[in-house]
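Source file: structure-v5.cif. Holds: mmCIF, C-alpha atoms and all ligand atoms.
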data_target
#
loop_
_atom_site.label_atom_id
_atom_site.label_comp_id
_atom_site.auth_asym_id
_atom_site.auth_seq_id
_atom_site.Cartn_x
_atom_site.Cartn_y
_atom_site.Cartn_z
CA MET Z 1 70.30 -79.21 -41.80
CA ALA Z 2 68.27 -76.30 -40.46
CA ALA Z 3 66.47 -76.13 -43.77
CA LEU Z 4 65.77 -79.83 -43.61
CA LEU Z 5 64.32 -79.56 -40.12
CA LEU Z 6 62.17 -76.65 -41.20
CA ARG Z 7 60.78 -78.68 -44.06
CA THR Z 8 60.17 -81.88 -42.20
CA SER Z 9 58.65 -80.24 -39.17
CA ARG Z 10 56.21 -78.10 -41.11
CA GLY Z 11 55.03 -80.73 -43.56
CA LEU Z 12 55.21 -80.72 -47.34
CA GLY Z 13 52.59 -78.03 -47.99
CA ALA Z 14 54.34 -75.55 -45.74
CA CYS Z 15 57.85 -76.47 -46.84
CA LEU Z 16 56.89 -76.06 -50.47
CA ARG Z 17 55.46 -72.65 -49.73
CA VAL Z 18 58.75 -71.77 -48.04
CA ALA Z 19 60.64 -73.06 -51.07
CA THR Z 20 58.56 -71.04 -53.52
CA GLY Z 21 57.83 -68.01 -51.38
CA CYS Z 22 54.17 -68.64 -51.97
CA PRO Z 23 51.98 -67.32 -49.13
CA SER Z 24 48.88 -69.47 -49.30
CA PRO Z 25 48.37 -73.21 -49.52
CA SER Z 26 45.71 -72.85 -52.17
CA SER Z 27 47.63 -70.78 -54.68
CA CYS Z 28 50.98 -72.48 -54.86
CA VAL Z 29 50.66 -76.20 -55.35
CA VAL Z 30 51.53 -76.30 -59.05
CA ALA Z 31 54.41 -73.85 -58.66
CA ALA Z 32 55.55 -75.65 -55.55
CA TRP Z 33 55.62 -79.05 -57.14
CA SER Z 34 57.48 -77.83 -60.14
CA SER Z 35 60.24 -76.56 -57.88
CA ALA Z 36 59.94 -79.07 -55.06
CA ARG Z 37 63.00 -80.95 -56.24
CA TRP Z 38 65.17 -77.83 -56.55
CA PRO Z 39 66.15 -76.84 -53.03
CA ARG Z 40 69.07 -79.15 -52.46
CA GLU Z 41 70.80 -77.62 -49.45
CA GLY Z 42 68.69 -79.35 -46.79
CA ALA Z 43 68.30 -82.57 -48.67
CA VAL Z 44 72.05 -82.99 -48.90
CA ALA Z 45 71.89 -84.40 -45.40
CA TRP Z 46 70.42 -87.57 -46.86
CA ARG Z 47 73.15 -88.17 -49.42
CA THR Z 48 75.10 -91.34 -48.87
CA HIS Z 49 77.93 -93.22 -50.52
CA ALA Z 50 76.18 -96.52 -50.01
CA GLN Z 51 73.82 -97.52 -52.81
CA VAL Z 52 71.00 -98.62 -50.53
CA ARG Z 53 70.22 -96.64 -47.43
CA HIS Z 54 67.88 -97.60 -44.64
CA TYR Z 55 65.77 -94.60 -43.69
CA SER Z 56 63.29 -95.42 -40.98
CA SER Z 57 64.26 -95.82 -37.36
CA SER Z 58 60.89 -97.41 -36.56
CA ASP Z 59 60.37 -101.15 -36.30
CA LYS Z 60 56.88 -100.66 -37.76
CA LEU Z 61 58.08 -99.27 -41.05
CA SER Z 62 61.12 -99.94 -43.17
CA ILE Z 63 62.23 -97.59 -45.92
CA ASP Z 64 65.14 -98.56 -48.14
CA MET Z 65 66.32 -96.09 -50.70
CA ASP Z 66 68.44 -97.19 -53.66
CA ASP Z 67 70.46 -94.17 -54.77
CA LYS Z 68 71.35 -95.82 -58.05
CA THR Z 69 67.81 -96.45 -59.26
CA GLY Z 70 66.19 -93.56 -57.37
CA VAL Z 71 63.55 -95.96 -56.06
CA ALA Z 72 62.64 -96.33 -52.40
CA VAL Z 73 60.80 -99.33 -50.99
CA LEU Z 74 58.49 -98.58 -48.10
CA LYS Z 75 57.32 -101.66 -46.20
CA LEU Z 76 54.60 -101.59 -43.57
CA SER Z 77 55.58 -103.84 -40.71
CA ASN Z 78 53.11 -103.52 -37.87
CA PRO Z 79 51.90 -107.02 -36.99
CA PRO Z 80 49.46 -108.63 -36.94
CA VAL Z 81 47.54 -106.64 -39.58
CA ASN Z 82 49.50 -103.42 -40.31
CA SER Z 83 46.80 -101.33 -38.67
CA LEU Z 84 47.54 -97.63 -38.87
CA SER Z 85 48.21 -96.56 -35.31
CA LEU Z 86 49.11 -92.99 -34.35
CA GLU Z 87 52.74 -94.08 -34.21
CA LEU Z 88 52.76 -95.73 -37.62
CA LEU Z 89 50.90 -92.82 -39.25
CA THR Z 90 53.45 -90.41 -37.82
CA GLU Z 91 56.35 -92.56 -39.02
CA LEU Z 92 54.78 -92.75 -42.47
CA ALA Z 93 54.43 -88.98 -42.75
CA ILE Z 94 58.02 -88.42 -41.60
CA GLY Z 95 59.37 -91.12 -43.91
CA LEU Z 96 57.51 -89.75 -46.93
CA ASP Z 97 58.78 -86.28 -46.13
CA LYS Z 98 62.37 -87.49 -46.00
CA LEU Z 99 62.00 -89.18 -49.37
CA GLU Z 100 60.44 -86.06 -50.84
CA MET Z 101 63.46 -84.07 -49.69
CA ASN Z 102 65.98 -86.54 -51.09
CA PRO Z 103 67.17 -85.33 -54.50
CA SER Z 104 68.08 -88.88 -55.57
CA CYS Z 105 64.62 -90.24 -54.88
CA ARG Z 106 62.19 -90.37 -57.82
CA GLY Z 107 59.76 -93.09 -56.85
CA VAL Z 108 58.38 -95.11 -53.95
CA ILE Z 109 56.98 -98.63 -53.93
CA MET Z 110 54.68 -99.17 -50.99
CA THR Z 111 54.05 -102.71 -49.81
CA SER Z 112 53.61 -104.91 -46.74
CA ALA Z 113 56.32 -106.84 -44.96
CA HIS Z 114 53.67 -109.41 -44.00
CA PRO Z 115 52.11 -111.50 -46.71
CA HIS Z 116 48.27 -111.64 -46.79
CA ILE Z 117 47.63 -108.19 -45.29
CA PHE Z 118 48.57 -104.95 -47.01
CA SER Z 119 46.96 -102.90 -44.22
CA ALA Z 120 43.82 -103.35 -42.09
CA GLY Z 121 43.30 -99.59 -42.22
CA LEU Z 122 43.09 -97.26 -39.27
CA ASP Z 123 43.75 -98.83 -35.91
CA VAL Z 124 40.23 -99.00 -34.49
CA SER Z 125 41.58 -99.05 -30.93
CA GLU Z 126 42.81 -95.46 -31.51
CA MET Z 127 39.18 -94.47 -32.06
CA MET Z 128 37.68 -96.19 -29.01
CA GLY Z 129 37.41 -95.11 -25.39
CA LYS Z 130 39.95 -92.30 -25.65
CA PRO Z 131 39.74 -88.63 -24.66
CA THR Z 132 38.76 -86.07 -27.29
CA GLU Z 133 42.31 -84.70 -27.43
CA HIS Z 134 43.57 -88.10 -28.49
CA TYR Z 135 40.98 -88.29 -31.30
CA ARG Z 136 42.09 -84.86 -32.51
CA GLU Z 137 45.74 -85.85 -32.50
CA PHE Z 138 45.01 -89.14 -34.22
CA TRP Z 139 42.93 -87.53 -36.95
CA ARG Z 140 45.57 -84.86 -37.62
CA ALA Z 141 48.06 -87.70 -38.12
CA VAL Z 142 45.66 -89.41 -40.58
CA GLN Z 143 45.33 -86.14 -42.49
CA GLU Z 144 49.09 -85.62 -42.45
CA MET Z 145 49.81 -89.06 -43.85
CA TRP Z 146 47.24 -88.48 -46.61
CA LEU Z 147 48.64 -85.03 -47.46
CA LYS Z 148 52.16 -86.46 -47.77
CA LEU Z 149 51.19 -89.49 -49.82
CA TYR Z 150 48.48 -88.02 -52.03
CA GLY Z 151 50.53 -84.83 -52.39
CA SER Z 152 53.80 -86.60 -53.12
CA SER Z 153 55.66 -85.41 -56.21
CA LEU Z 154 57.34 -88.84 -56.46
CA VAL Z 155 56.03 -91.72 -58.52
CA THR Z 156 54.11 -93.83 -56.01
CA ILE Z 157 53.21 -97.45 -56.70
CA ALA Z 158 51.22 -99.70 -54.37
CA ALA Z 159 52.27 -103.34 -54.48
CA ILE Z 160 49.19 -104.71 -52.73
CA ASN Z 161 50.21 -108.11 -51.43
CA GLY Z 162 47.16 -108.75 -49.24
CA SER Z 163 43.83 -107.43 -48.02
CA SER Z 164 43.43 -103.71 -47.86
CA PRO Z 165 40.25 -102.43 -46.21
CA ALA Z 166 39.37 -98.79 -45.43
CA GLY Z 167 42.49 -96.76 -44.56
CA GLY Z 168 44.60 -99.46 -46.29
CA CYS Z 169 42.59 -98.92 -49.45
CA LEU Z 170 42.96 -95.16 -49.00
CA MET Z 171 46.76 -95.44 -48.95
CA ALA Z 172 46.71 -97.59 -52.08
CA MET Z 173 44.36 -95.13 -53.80
CA CYS Z 174 46.74 -92.26 -53.02
CA CYS Z 175 49.38 -93.96 -55.17
CA ASP Z 176 49.79 -93.37 -58.89
CA TYR Z 177 49.46 -97.05 -59.76
CA ARG Z 178 48.11 -100.16 -58.02
CA LEU Z 179 49.12 -103.78 -58.56
CA MET Z 180 47.39 -106.44 -56.50
CA ALA Z 181 48.12 -110.11 -55.88
CA ASP Z 182 45.55 -112.19 -57.75
CA ASN Z 183 44.62 -114.21 -54.65
CA PRO Z 184 40.77 -114.30 -54.44
CA LYS Z 185 40.97 -114.46 -50.64
CA TYR Z 186 42.18 -110.85 -50.59
CA SER Z 187 39.87 -107.87 -50.74
CA ILE Z 188 40.09 -104.13 -51.03
CA GLY Z 189 37.64 -101.27 -50.56
CA LEU Z 190 36.30 -98.55 -48.32
CA ASN Z 191 34.07 -100.46 -45.89
CA GLU Z 192 33.51 -97.67 -43.34
CA THR Z 193 29.69 -97.80 -43.42
CA LYS Z 194 29.90 -101.43 -42.29
CA LEU Z 195 31.53 -100.18 -39.07
CA GLY Z 196 28.77 -97.58 -38.70
CA ILE Z 197 31.18 -94.77 -39.55
CA VAL Z 198 31.41 -92.39 -42.48
CA ALA Z 199 34.36 -91.96 -44.83
CA PRO Z 200 35.13 -88.22 -44.85
CA PHE Z 201 35.00 -86.10 -48.02
CA TRP Z 202 38.68 -86.47 -48.82
CA PHE Z 203 38.46 -90.30 -48.70
CA ARG Z 204 35.49 -89.95 -51.07
CA ASP Z 205 37.33 -87.54 -53.37
CA THR Z 206 40.39 -89.76 -53.50
CA MET Z 207 38.21 -92.67 -54.55
CA MET Z 208 36.34 -90.58 -57.10
CA GLY Z 209 39.67 -89.66 -58.68
CA VAL Z 210 40.42 -93.35 -59.11
CA VAL Z 211 37.07 -94.97 -60.06
CA GLY Z 212 34.68 -92.10 -60.81
CA THR Z 213 31.50 -90.87 -59.17
CA ARG Z 214 29.09 -93.75 -59.75
CA VAL Z 215 31.37 -96.53 -58.54
CA THR Z 216 32.36 -94.38 -55.54
CA GLU Z 217 28.76 -93.70 -54.59
CA ARG Z 218 27.83 -97.36 -54.69
CA SER Z 219 31.04 -98.53 -53.04
CA LEU Z 220 30.85 -96.04 -50.16
CA GLN Z 221 27.17 -96.47 -49.34
CA LEU Z 222 27.38 -100.25 -49.36
CA GLY Z 223 30.87 -100.37 -47.84
CA LEU Z 224 31.88 -102.69 -50.67
CA MET Z 225 34.97 -104.83 -50.47
CA TYR Z 226 36.17 -106.08 -53.86
CA SER Z 227 38.10 -109.19 -54.77
CA PRO Z 228 41.24 -108.43 -56.81
CA ALA Z 229 39.47 -109.31 -60.08
CA GLU Z 230 36.45 -107.15 -59.19
CA ALA Z 231 38.76 -104.32 -58.16
CA VAL Z 232 40.36 -104.38 -61.60
CA HIS Z 233 36.89 -104.47 -63.18
CA VAL Z 234 35.80 -101.23 -61.43
CA GLY Z 235 39.22 -99.59 -61.89
CA LEU Z 236 40.16 -99.58 -58.21
CA VAL Z 237 43.26 -101.63 -59.02
CA ASP Z 238 45.17 -101.25 -62.29
CA ARG Z 239 46.03 -104.92 -62.68
CA THR Z 240 46.40 -108.17 -60.81
CA VAL Z 241 49.56 -110.24 -60.97
CA PRO Z 242 50.56 -113.64 -59.58
CA GLU Z 243 51.13 -113.30 -55.86
CA GLU Z 244 54.83 -114.14 -55.94
CA THR Z 245 55.54 -111.52 -58.62
CA VAL Z 246 53.81 -108.47 -57.09
CA PHE Z 247 57.01 -106.80 -56.05
CA GLU Z 248 58.98 -107.44 -59.23
CA GLU Z 249 56.02 -106.30 -61.34
CA ALA Z 250 55.92 -103.12 -59.27
CA ARG Z 251 59.58 -102.51 -60.05
CA THR Z 252 58.98 -103.05 -63.76
CA GLU Z 253 56.02 -100.69 -63.66
CA MET Z 254 58.12 -98.10 -61.81
CA ALA Z 255 60.76 -98.21 -64.54
CA ARG Z 256 58.02 -97.37 -67.06
CA TRP Z 257 56.91 -94.33 -65.05
CA LEU Z 258 60.48 -93.14 -64.51
CA LYS Z 259 61.00 -92.83 -68.26
CA ILE Z 260 58.77 -89.72 -68.14
CA PRO Z 261 60.60 -86.45 -67.32
CA ASP Z 262 59.92 -85.67 -63.65
CA HIS Z 263 58.93 -82.02 -64.09
CA ALA Z 264 56.26 -82.76 -66.70
CA ARG Z 265 54.81 -85.66 -64.75
CA GLN Z 266 54.86 -83.77 -61.45
CA ILE Z 267 53.05 -80.71 -62.80
CA THR Z 268 50.48 -82.98 -64.43
CA LYS Z 269 49.96 -84.89 -61.17
CA SER Z 270 49.60 -81.63 -59.31
CA MET Z 271 46.96 -80.39 -61.75
CA MET Z 272 44.98 -83.57 -61.18
CA ARG Z 273 45.15 -83.49 -57.35
CA LYS Z 274 45.38 -79.82 -56.40
CA THR Z 275 41.67 -79.19 -55.89
CA THR Z 276 41.25 -82.18 -53.60
CA ILE Z 277 44.34 -81.27 -51.55
CA ASP Z 278 43.31 -77.62 -51.25
CA HIS Z 279 39.85 -78.68 -50.11
CA LEU Z 280 41.26 -80.47 -47.08
CA LEU Z 281 43.91 -77.81 -46.37
CA ALA Z 282 41.15 -75.20 -46.23
CA GLN Z 283 39.09 -77.25 -43.80
CA ARG Z 284 41.68 -79.09 -41.76
CA ASP Z 285 40.60 -77.88 -38.34
CA SER Z 286 36.88 -78.26 -38.93
CA ASP Z 287 37.51 -81.75 -40.32
CA ILE Z 288 39.37 -82.64 -37.11
CA SER Z 289 36.51 -81.28 -34.98
CA ASN Z 290 33.94 -83.18 -37.06
CA PHE Z 291 35.87 -86.38 -36.56
CA ALA Z 292 36.37 -85.88 -32.82
CA ASN Z 293 32.68 -85.05 -32.27
CA PHE Z 294 31.47 -87.88 -34.46
CA ILE Z 295 33.71 -90.57 -33.03
CA SER Z 296 32.97 -89.52 -29.41
CA LYS Z 297 29.24 -90.17 -29.78
CA ASP Z 298 27.96 -93.07 -27.69
CA SER Z 299 26.21 -94.61 -30.67
CA ILE Z 300 29.42 -94.61 -32.73
CA GLN Z 301 31.45 -96.03 -29.85
CA LYS Z 302 28.88 -98.81 -29.52
CA SER Z 303 29.09 -99.58 -33.24
CA LEU Z 304 32.88 -99.77 -33.11
CA THR Z 305 32.80 -101.98 -30.01
CA ALA Z 306 30.34 -104.36 -31.68
CA TYR Z 307 32.46 -104.41 -34.85
CA MET Z 308 35.64 -105.26 -32.96
CA GLN Z 309 33.84 -107.97 -30.98
CA ALA Z 310 32.57 -109.51 -34.22
CA LEU Z 311 36.08 -109.37 -35.65
CA ARG Z 312 37.40 -111.30 -32.65
CA GLN Z 313 34.91 -114.14 -33.12
CA PRO Z 314 36.46 -117.29 -34.57
CA LYS Z 315 36.13 -117.23 -38.37
CA LYS Z 316 33.81 -119.79 -39.93
C1 LIG H 401 29.30 -86.28 -40.56
C2 LIG H 401 30.54 -86.88 -41.12
C3 LIG H 401 31.66 -86.84 -40.13
C4 LIG H 401 32.76 -87.74 -40.59
C5 LIG H 401 33.74 -87.93 -39.50
C6 LIG H 401 34.72 -89.04 -39.77
C7 LIG H 401 34.24 -90.41 -39.41
C8 LIG H 401 35.29 -91.44 -39.19
C9 LIG H 401 36.00 -91.93 -40.39
C10 LIG H 401 36.95 -93.03 -40.03
C11 LIG H 401 37.55 -93.66 -41.23
C12 LIG H 401 38.03 -95.03 -40.89
C13 LIG H 401 38.88 -95.68 -41.61
C14 LIG H 401 39.39 -97.02 -41.22
O1 LIG H 401 40.38 -97.47 -41.74
S1 LIG H 401 38.56 -97.92 -40.00
C15 LIG H 401 39.30 -99.52 -39.98
C16 LIG H 401 38.58 -100.41 -40.90
N1 LIG H 401 39.25 -101.69 -40.99
C17 LIG H 401 38.60 -102.83 -41.04
O2 LIG H 401 37.39 -102.88 -41.02
C18 LIG H 401 39.45 -104.06 -41.13
C19 LIG H 401 39.08 -105.01 -40.08
N2 LIG H 401 39.95 -106.19 -40.14
C20 LIG H 401 39.76 -107.21 -40.98
O3 LIG H 401 38.91 -107.22 -41.82
C21 LIG H 401 40.69 -108.37 -40.80
O4 LIG H 401 41.31 -108.26 -39.56
C22 LIG H 401 41.75 -108.48 -41.90
C23 LIG H 401 41.12 -108.91 -43.23
C24 LIG H 401 42.53 -107.18 -42.08
C25 LIG H 401 42.78 -109.58 -41.46
O5 LIG H 401 42.11 -110.78 -41.18
P1 LIG H 401 42.84 -111.92 -40.35
O6 LIG H 401 41.88 -113.07 -40.27
O7 LIG H 401 44.18 -112.20 -40.91
O8 LIG H 401 43.12 -111.28 -38.92
P2 LIG H 401 42.07 -111.07 -37.73
O9 LIG H 401 40.78 -110.59 -38.24
O10 LIG H 401 42.05 -112.31 -36.88
O11 LIG H 401 42.77 -109.89 -36.94
C26 LIG H 401 43.93 -110.08 -36.15
C27 LIG H 401 43.90 -109.12 -34.97
O12 LIG H 401 43.96 -107.79 -35.49
C28 LIG H 401 42.84 -107.02 -35.00
N3 LIG H 401 42.48 -106.03 -36.02
C29 LIG H 401 42.10 -106.26 -37.26
N4 LIG H 401 41.87 -105.11 -37.92
C30 LIG H 401 42.08 -104.12 -37.03
C31 LIG H 401 42.00 -102.70 -37.10
N5 LIG H 401 41.65 -102.04 -38.23
N6 LIG H 401 42.30 -102.00 -36.01
C32 LIG H 401 42.65 -102.61 -34.86
N7 LIG H 401 42.76 -103.96 -34.73
C33 LIG H 401 42.47 -104.70 -35.81
C34 LIG H 401 41.78 -108.07 -34.78
O13 LIG H 401 40.82 -107.59 -33.90
C35 LIG H 401 42.59 -109.20 -34.21
O14 LIG H 401 42.86 -108.89 -32.85
P3 LIG H 401 42.93 -110.05 -31.75
O15 LIG H 401 44.14 -110.84 -32.10
O16 LIG H 401 43.05 -109.31 -30.46
O17 LIG H 401 41.66 -110.84 -31.86
#
Render the structure in this file as structure tokens.
Ligand SMILES: CCCCCCCCCCC/C=C/C(=O)SCCNC(=O)CCNC(=O)[C@H](O)C(C)(C)COP(=O)(O)OP(=O)(O)OC[C@H]1O[C@@H](n2cnc3c(N)ncnc32)[C@H](O)[C@@H]1OP(=O)(O)O
Amino acid sequence: MAALLLRTSRGLGACLRVATGCPSPSSCVVAAWSSARWPREGAVAWRTHAQVRHYSSSDKLSIDMDDKTGVAVLKLSNPPVNSLSLELLTELAIGLDKLEMNPSCRGVIMTSAHPHIFSAGLDVSEMMGKPTEHYREFWRAVQEMWLKLYGSSLVTIAAINGSSPAGGCLMAMCCDYRLMADNPKYSIGLNETKLGIVAPFWFRDTMMGVVGTRVTERSLQLGLMYSPAEAVHVGLVDRTVPEETVFEEARTEMARWLKIPDHARQITKSMMRKTTIDHLLAQRDSDISNFANFISKDSIQKSLTAYMQALRQPKK
């Protein structure tokens, strides 16, 4: 249990370094991932005789792990729009860490408990009218969630059953595969510039890894939101499926991915993502300061206030 606490409290990067004896975040990601599933002594705490185990103690997030299939289902449940508050981000990071430490877990399907909205992205109210210390804490939690999800050694599949702007799109892009409901009312994309804010470099790099440089440049500057069909066209989403089948299709897709030996897939995933992860790890504190300074500016606060007021207007 002590080992488990050590791992969960320090985050995946640190716990993997502990597991591998590797001193620096930048030099050990491949080695760490290849052995991340080995240290069993702490993870034993999560073993259960029941086939399905409920993991999260939060009412904003449910995580059900099926020991038989090795697949966990993570459902966002923060009405009305699954916005990513400090609390939900923290729960997400803890939940992902627990799954990472569970030797029976091989894959995670991420979806929304509420139809029509996957996630409205970061909770804008966390970025308005708060003291600098709060902005720093909030941004560290955003980073932590990204590090856990993008850096997960598990197969991660996003079953996108509704709109997914900004931080919602980021979470989906962190996954290995994206299925989206084919409802043309839904949209997905990084729309930050439309709020007068700037997606940081690791949002950009995550998107570049999914759709390439040109589509990222256009999408970010214009703050483009894509319909499901357009998202497939630019490669932001892997495929659309009928709305009522999103979850079952995600399960079928997961089975395909789980046919690949874990160690080979994990090392390959690590090779693809290591540079981007190391980039943030090397600049974590300065990234937090940049965010806190940027978001505290009067002009940015005014933009966010105007955006939220516009959002509250009755829809035409
Ligand atoms: C020099 C470089 C330095 C760089 C430093 C970093 C800079 C900062 C980077 C920050 C990155 C930000 C990432 C984000 O994720 S920002 C959030 C962006 N999200 C959005 O723009 C989504 C906005 N919402 C919507 O489009 C719609 O609400 C949605 C399609 C999701 C749902 O529509 P629906 O019609 O179903 O619901 P409503 O619009 O009526 O909304 C219901 C209530 O929910 C409130 N709401 C919506 N979204 C948010 C949100 N993201 N945060 C907080 N609250 C939200 C909405 O206001 C309604 O509230 P009321 O009921 O009170 O009216």
Would you tabulate, counting only C-alpha atoms and all ligand atoms, all residues of chain Z that have an atom at most 7 Å from an atom of ligand LIG 401 (chain H), showing the closest pair of atoms and their distance in Å to one decimal, sorted by chain then ascending number, as a Markdown table?
| residue | atom | partner | partner_atom | distance |
| --- | --- | --- | --- | --- |
| Z:Pro80 | CA | H:LIG401 | O12 | 5.7 |
| Z:Val81 | CA | H:LIG401 | O12 | 5.6 |
| Z:Ser83 | CA | H:LIG401 | N5 | 5.2 |
| Z:Ile117 | CA | H:LIG401 | C24 | 6.1 |
| Z:Ser119 | CA | H:LIG401 | C24 | 6.5 |
| Z:Ala120 | CA | H:LIG401 | C24 | 4.0 |
| Z:Gly121 | CA | H:LIG401 | O1 | 3.6 |
| Z:Leu122 | CA | H:LIG401 | O1 | 3.7 |
| Z:Asp123 | CA | H:LIG401 | N6 | 3.5 |
| Z:Val124 | CA | H:LIG401 | N6 | 3.9 |
| Z:Ser125 | CA | H:LIG401 | C32 | 5.4 |
| Z:Ser163 | CA | H:LIG401 | C23 | 5.7 |
| Z:Ser164 | CA | H:LIG401 | C24 | 6.8 |
| Z:Pro165 | CA | H:LIG401 | N1 | 5.4 |
| Z:Ala166 | CA | H:LIG401 | O1 | 4.0 |
| Z:Gly167 | CA | H:LIG401 | O1 | 3.6 |
| Z:Gly168 | CA | H:LIG401 | O1 | 6.5 |
| Z:Asn191 | CA | H:LIG401 | O2 | 6.4 |
| Z:Glu192 | CA | H:LIG401 | C12 | 5.8 |
| Z:Leu195 | CA | H:LIG401 | O2 | 6.7 |
| Z:Ile197 | CA | H:LIG401 | C8 | 5.3 |
| Z:Val198 | CA | H:LIG401 | C7 | 4.6 |
| Z:Ala199 | CA | H:LIG401 | C9 | 4.7 |
| Z:Pro200 | CA | H:LIG401 | C4 | 4.9 |
| Z:Asn290 | CA | H:LIG401 | C3 | 5.3 |
| Z:Phe291 | CA | H:LIG401 | C5 | 3.9 |
| Z:Phe294 | CA | H:LIG401 | C5 | 5.5 |
| Z:Ile295 | CA | H:LIG401 | C7 | 6.4 |
| Z:Met308 | CA | H:LIG401 | O13 | 5.8 |
| Z:Leu311 | CA | H:LIG401 | O13 | 5.4 |
| Z:Arg312 | CA | H:LIG401 | O17 | 4.4 |
*Residue nearest Leu304 (chain Z) - candidates Z:Glu230, Z:Glu126, Z:Glu144, Z:Asp66, atoms counted: all atoms listed in the file*: Z:Glu126
*For Ser152 (chain Z), which residue among Z:Pro115, Z:Gly95, Z:Gly196, Z:Pro131 is the nearest when counting only C-alpha atoms?*
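Checking each of Z:Pro115, Z:Gly95, Z:Gly196, Z:Pro131 against Ser152 (chain Z), counting only C-alpha atoms, the winner is Z:Gly95.
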_For Trp139 (chain Z), the nearest of the candidates Z:Ser289, Z:Ser227, Z:Thr206, Z:Thr69, counting only C-alpha atoms_ =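 Closest residue, counting only C-alpha atoms: Z:Ser289.
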*Which is closer to Met254 (chain Z) than all the others in Z:Ser187, Z:Thr156, Z:Thr268, Z:Gln143, using only C-alpha atoms?*
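Smallest distance to Met254 (chain Z) is found for Z:Thr156.
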Write out as a compact mmCIF listing (two decimals) with C-alpha atoms, in the coordinates of the input the residues lying within 10 Å of Ser62 (chain Z), counting all atoms listed in the file and excluding same-chain residues fewer than 6 positions away.
# COMPACT_ATOMS: atom_id res chain seq x y z
CA HIS Z 54 67.88 -97.60 -44.64
CA TYR Z 55 65.77 -94.60 -43.69
CA SER Z 56 63.29 -95.42 -40.98
CA VAL Z 73 60.80 -99.33 -50.99
CA LEU Z 74 58.49 -98.58 -48.10
CA LYS Z 75 57.32 -101.66 -46.20
CA LEU Z 76 54.60 -101.59 -43.57
CA SER Z 77 55.58 -103.84 -40.71
CA GLU Z 91 56.35 -92.56 -39.02
CA LEU Z 92 54.78 -92.75 -42.47
CA GLY Z 95 59.37 -91.12 -43.91
CA SER Z 112 53.61 -104.91 -46.74
CA ALA Z 113 56.32 -106.84 -44.96
_Counting only C-alpha atoms, the option among Z:Leu61, Z:Pro228, Z:Gly107, Z:Leu99 closest to Gly189 (chain Z)_ = Z:Pro228
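Counting from CA of Glu244 (chain Z), the distance to CA of Tyr186 (chain Z) is 14.1 Å.
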*asked:* What's around Gln301 (chain Z) at 8 Å? Count only C-alpha atoms, leave out sequence neighbours fewer than 5 positions away in its own chain, and write the answer as a list of chain:residue names.
replied: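 Listing them by chain and then by number gives Z:Met128, Z:Gly129, Z:Ile295, Z:Ser296.
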Next, write the just-selected residues to a file, as an mmCIF file, in the frame of the given file, keeping C-alpha atoms as the atom set.
data_model
loop_
_atom_site.group_PDB
_atom_site.id
_atom_site.type_symbol
_atom_site.label_atom_id
_atom_site.label_comp_id
_atom_site.auth_asym_id
_atom_site.auth_seq_id
_atom_site.Cartn_x
_atom_site.Cartn_y
_atom_site.Cartn_z
ATOM 1 C CA MET Z 128 37.680 -96.190 -29.010
ATOM 2 C CA GLY Z 129 37.410 -95.110 -25.390
ATOM 3 C CA ILE Z 295 33.710 -90.570 -33.030
ATOM 4 C CA SER Z 296 32.970 -89.520 -29.410
#
Since the input has fewer atoms than a full residue there, write region 245-254 of chain Z out with N, CA and C atoms, as an mmCIF file, in the frame of the given file.
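Output contents, as saved in selection_33.cif:
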data_model
loop_
_atom_site.group_PDB
_atom_site.id
_atom_site.type_symbol
_atom_site.label_atom_id
_atom_site.label_comp_id
_atom_site.auth_asym_id
_atom_site.auth_seq_id
_atom_site.Cartn_x
_atom_site.Cartn_y
_atom_site.Cartn_z
ATOM 1 N N THR Z 245 54.833 -112.481 -57.742
ATOM 2 C CA THR Z 245 55.540 -111.520 -58.620
ATOM 3 C C THR Z 245 55.161 -110.061 -58.340
ATOM 4 N N VAL Z 246 54.330 -109.837 -57.313
ATOM 5 C CA VAL Z 246 53.810 -108.470 -57.090
ATOM 6 C C VAL Z 246 54.942 -107.444 -57.018
ATOM 7 N N PHE Z 247 55.962 -107.788 -56.270
ATOM 8 C CA PHE Z 247 57.010 -106.800 -56.050
ATOM 9 C C PHE Z 247 57.820 -106.544 -57.324
ATOM 10 N N GLU Z 248 58.174 -107.623 -58.010
ATOM 11 C CA GLU Z 248 58.980 -107.440 -59.230
ATOM 12 C C GLU Z 248 58.177 -106.708 -60.303
ATOM 13 N N GLU Z 249 56.876 -107.017 -60.369
ATOM 14 C CA GLU Z 249 56.020 -106.300 -61.340
ATOM 15 C C GLU Z 249 55.956 -104.816 -60.992
ATOM 16 N N ALA Z 250 55.955 -104.530 -59.692
ATOM 17 C CA ALA Z 250 55.920 -103.120 -59.270
ATOM 18 C C ALA Z 250 57.196 -102.410 -59.714
ATOM 19 N N ARG Z 251 58.307 -103.105 -59.608
ATOM 20 C CA ARG Z 251 59.580 -102.510 -60.050
ATOM 21 C C ARG Z 251 59.567 -102.249 -61.558
ATOM 22 N N THR Z 252 59.036 -103.222 -62.304
ATOM 23 C CA THR Z 252 58.980 -103.050 -63.760
ATOM 24 C C THR Z 252 58.073 -101.870 -64.120
ATOM 25 N N GLU Z 253 56.954 -101.790 -63.413
ATOM 26 C CA GLU Z 253 56.020 -100.690 -63.660
ATOM 27 C C GLU Z 253 56.695 -99.343 -63.327
ATOM 28 N N MET Z 254 57.432 -99.334 -62.231
ATOM 29 C CA MET Z 254 58.120 -98.100 -61.810
ATOM 30 C C MET Z 254 59.072 -97.641 -62.917
#
